[in-house]
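Pasted below: my_file_6.pdb, PDB, C-alpha atoms.
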ATOM      1  CA  LEU A 285     -41.426  25.123  -0.148
ATOM      2  CA  HIS A 286     -41.215  28.798  -1.137
ATOM      3  CA  PRO A 287     -43.302  30.943  -3.523
ATOM      4  CA  THR A 288     -40.308  31.890  -5.690
ATOM      5  CA  GLN A 289     -38.249  28.705  -5.479
ATOM      6  CA  LYS A 290     -36.029  28.050  -8.503
ATOM      7  CA  PRO A 291     -34.525  24.811  -9.845
ATOM      8  CA  VAL A 292     -31.160  23.896  -8.314
ATOM      9  CA  ASP A 293     -29.786  23.084 -11.784
ATOM     10  CA  LEU A 294     -30.614  26.607 -13.024
ATOM     11  CA  LEU A 295     -28.828  28.237 -10.092
ATOM     12  CA  ALA A 296     -25.858  25.876 -10.484
ATOM     13  CA  TYR A 297     -25.577  26.836 -14.162
ATOM     14  CA  LEU A 298     -25.692  30.559 -13.353
ATOM     15  CA  LEU A 299     -23.062  30.206 -10.631
ATOM     16  CA  ARG A 300     -20.719  28.214 -12.907
ATOM     17  CA  THR A 301     -21.203  30.789 -15.662
ATOM     18  CA  TYR A 302     -20.820  34.017 -13.701
ATOM     19  CA  CYS A 303     -18.623  33.226 -10.678
ATOM     20  CA  THR A 304     -14.878  32.823 -10.502
ATOM     21  CA  PRO A 305     -13.686  29.473  -9.064
ATOM     22  CA  ASP A 306     -12.774  31.070  -5.714
ATOM     23  CA  ALA A 307     -16.039  33.035  -5.370
ATOM     24  CA  ILE A 308     -18.045  33.292  -2.193
ATOM     25  CA  VAL A 309     -21.733  33.328  -3.091
ATOM     26  CA  LEU A 310     -23.891  35.709  -1.031
ATOM     27  CA  ASP A 311     -27.662  35.261  -1.056
ATOM     28  CA  PRO A 312     -29.237  37.986   1.110
ATOM     29  CA  PHE A 313     -32.717  36.488   0.596
ATOM     30  CA  THR A 314     -32.014  32.775   1.030
ATOM     31  CA  GLY A 315     -35.602  31.574   1.191
ATOM     32  CA  SER A 316     -35.643  27.790   0.862
ATOM     33  CA  GLY A 317     -31.878  27.544   0.273
ATOM     34  CA  THR A 318     -31.728  26.656  -3.426
ATOM     35  CA  THR A 319     -28.796  28.979  -4.116
ATOM     36  CA  GLY A 320     -26.902  27.550  -1.158
ATOM     37  CA  VAL A 321     -27.411  23.968  -2.300
ATOM     38  CA  ALA A 322     -26.349  24.897  -5.841
ATOM     39  CA  ALA A 323     -23.308  26.848  -4.633
ATOM     40  CA  MET A 324     -22.094  24.037  -2.425
ATOM     41  CA  ARG A 325     -22.763  21.440  -5.114
ATOM     42  CA  GLU A 326     -20.541  23.450  -7.479
ATOM     43  CA  GLY A 327     -17.774  23.861  -4.889
ATOM     44  CA  PHE A 328     -18.370  27.506  -3.959
ATOM     45  CA  SER A 329     -18.410  28.926  -0.453
ATOM     46  CA  PHE A 330     -21.834  30.255   0.490
ATOM     47  CA  ILE A 331     -23.299  32.830   2.855
ATOM     48  CA  GLY A 332     -27.065  32.937   3.192
ATOM     49  CA  ILE A 333     -29.237  35.469   4.995
ATOM     50  CA  GLU A 334     -32.920  34.936   5.738
ATOM     51  CA  ARG A 335     -35.185  36.732   8.214
ATOM     52  CA  GLU A 336     -38.100  34.277   8.278
ATOM     53  CA  PRO A 337     -37.474  31.507  10.842
ATOM     54  CA  ALA A 338     -39.536  28.969   8.882
ATOM     55  CA  TYR A 339     -37.396  29.466   5.783
ATOM     56  CA  VAL A 340     -34.188  29.300   7.827
ATOM     57  CA  GLU A 341     -35.257  25.843   8.986
ATOM     58  CA  ILE A 342     -36.146  24.740   5.447
ATOM     59  CA  ALA A 343     -32.883  26.054   3.973
ATOM     60  CA  SER A 344     -30.780  24.497   6.723
ATOM     61  CA  SER A 345     -32.510  21.162   6.276
ATOM     62  CA  ARG A 346     -32.013  21.213   2.496
ATOM     63  CA  VAL A 347     -28.309  22.061   2.759
ATOM     64  CA  VAL A 348     -27.694  19.343   5.355
ATOM     65  CA  SER A 349     -29.695  16.818   3.297
ATOM     66  CA  ALA A 350     -27.724  17.677   0.166
ATOM     67  CA  GLU A 351     -24.489  17.215   2.077
ATOM     68  CA  ASN A 352     -25.619  13.882   3.547
ATOM     69  CA  GLU A 353     -26.631  12.639   0.091
ATOM     70  CA  GLY A 354     -23.184  13.480  -1.266
ATOM     71  CA  LEU A 355     -24.537  16.180  -3.585
ATOM     72  CA  VAL A 356     -22.090  18.846  -2.424
ATOM     73  CA  THR A 357     -18.362  19.093  -2.904
ATOM     74  CA  ARG A 358     -17.666  21.314   0.118
ATOM     75  CA  SER A 359     -18.572  20.470   3.699
ATOM     76  CA  VAL A 360     -20.902  22.647   5.754
ATOM     77  CA  ALA A 361     -19.091  24.558   8.483
TER
END

Target format structure tokens, applied to this file:
Amino acid sequence: LHPTQKPVDLLAYLLRTYCTPDAIVLDPFTGSGTTGVAAMREGFSFIGIEREPAYVEIASSRVVSAENEGLVTRSVA
């Protein structure tokens, strides 16, 4: 989906390790939305920024799909 896409489990591990429980995760280069899916899955708030319309669509779709599949602990606002 994206040339530098990372595994959701890796991002989830990094967020659990380096963020406080009340953290808001900011990803200024959201790409395909992996960090957002991982952040929401781990119960963090998330803000994503992406300038490429195609990647905005991909990221939005992935976050909504993850929510619909019950993979996130926080609802999308």

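Counting only C-alpha atoms and comparing A:Val292, A:Val347, A:Leu298, A:Leu310, the residue that lies closest to Ile333 (chain A) is A:Leu310.
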
Selection near Glu334 (chain A), 6 Å with all atoms listed in the file, sequence-local residues under 2 positions removed, as a short mmCIF file (atom, residue, chain, number, x, y, z; two decimals) with C-alpha atoms, in the frame of the given file:
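Written file, part29.cif:
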data_model
loop_
_atom_site.label_atom_id
_atom_site.label_comp_id
_atom_site.auth_asym_id
_atom_site.auth_seq_id
_atom_site.Cartn_x
_atom_site.Cartn_y
_atom_site.Cartn_z
CA PHE A 313 -32.72 36.49 0.60
CA THR A 314 -32.01 32.78 1.03
CA GLU A 336 -38.10 34.28 8.28
#

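Taking all atoms listed in the file into account, the residues near (-17.6, 30.2, -9.2), no farther than 9 Å, are Leu299, Arg300, Thr301, Tyr302, Cys303, Thr304, Pro305, Asp306, Ala307, Ile308, Val309, Ala323, Glu326, Gly327, Phe328 and Ser329 of chain A.
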
Since I can't run it myself right now, could you work out what the PyMOL selection byres ((chain A and resi 338) around 12) selects here and report it as a PyMOL selection string?
chain A and resi 285-286+314-317+334-337+339-345

Quick one: write out the picked residues with C-alpha atoms as a PDB file, keeping the file's coordinate frame?
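Full text of part33.pdb as output:
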ATOM      1  CA  LEU A 285     -41.426  25.123  -0.148  1.00  0.00           C
ATOM      2  CA  HIS A 286     -41.215  28.798  -1.137  1.00  0.00           C
ATOM      3  CA  THR A 314     -32.014  32.775   1.030  1.00  0.00           C
ATOM      4  CA  GLY A 315     -35.602  31.574   1.191  1.00  0.00           C
ATOM      5  CA  SER A 316     -35.643  27.790   0.862  1.00  0.00           C
ATOM      6  CA  GLY A 317     -31.878  27.544   0.273  1.00  0.00           C
ATOM      7  CA  GLU A 334     -32.920  34.936   5.738  1.00  0.00           C
ATOM      8  CA  ARG A 335     -35.185  36.732   8.214  1.00  0.00           C
ATOM      9  CA  GLU A 336     -38.100  34.277   8.278  1.00  0.00           C
ATOM     10  CA  PRO A 337     -37.474  31.507  10.842  1.00  0.00           C
ATOM     11  CA  TYR A 339     -37.396  29.466   5.783  1.00  0.00           C
ATOM     12  CA  VAL A 340     -34.188  29.300   7.827  1.00  0.00           C
ATOM     13  CA  GLU A 341     -35.257  25.843   8.986  1.00  0.00           C
ATOM     14  CA  ILE A 342     -36.146  24.740   5.447  1.00  0.00           C
ATOM     15  CA  ALA A 343     -32.883  26.054   3.973  1.00  0.00           C
ATOM     16  CA  SER A 344     -30.780  24.497   6.723  1.00  0.00           C
ATOM     17  CA  SER A 345     -32.510  21.162   6.276  1.00  0.00           C
TER      18      SER A 345
END

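Taking CA of Pro287 (chain A) and CA of Glu353 (chain A) as endpoints, the distance between them is 25.0 Å.
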
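Each of A:Pro312, A:Pro291, A:Gly320, A:Ala296 was compared to Val348 (chain A) using all atoms listed in the file, and A:Gly320 turns out to be the nearest.
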
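You will find CA of Leu294 (chain A) at 15.1 Å from CA of Asp311 (chain A).
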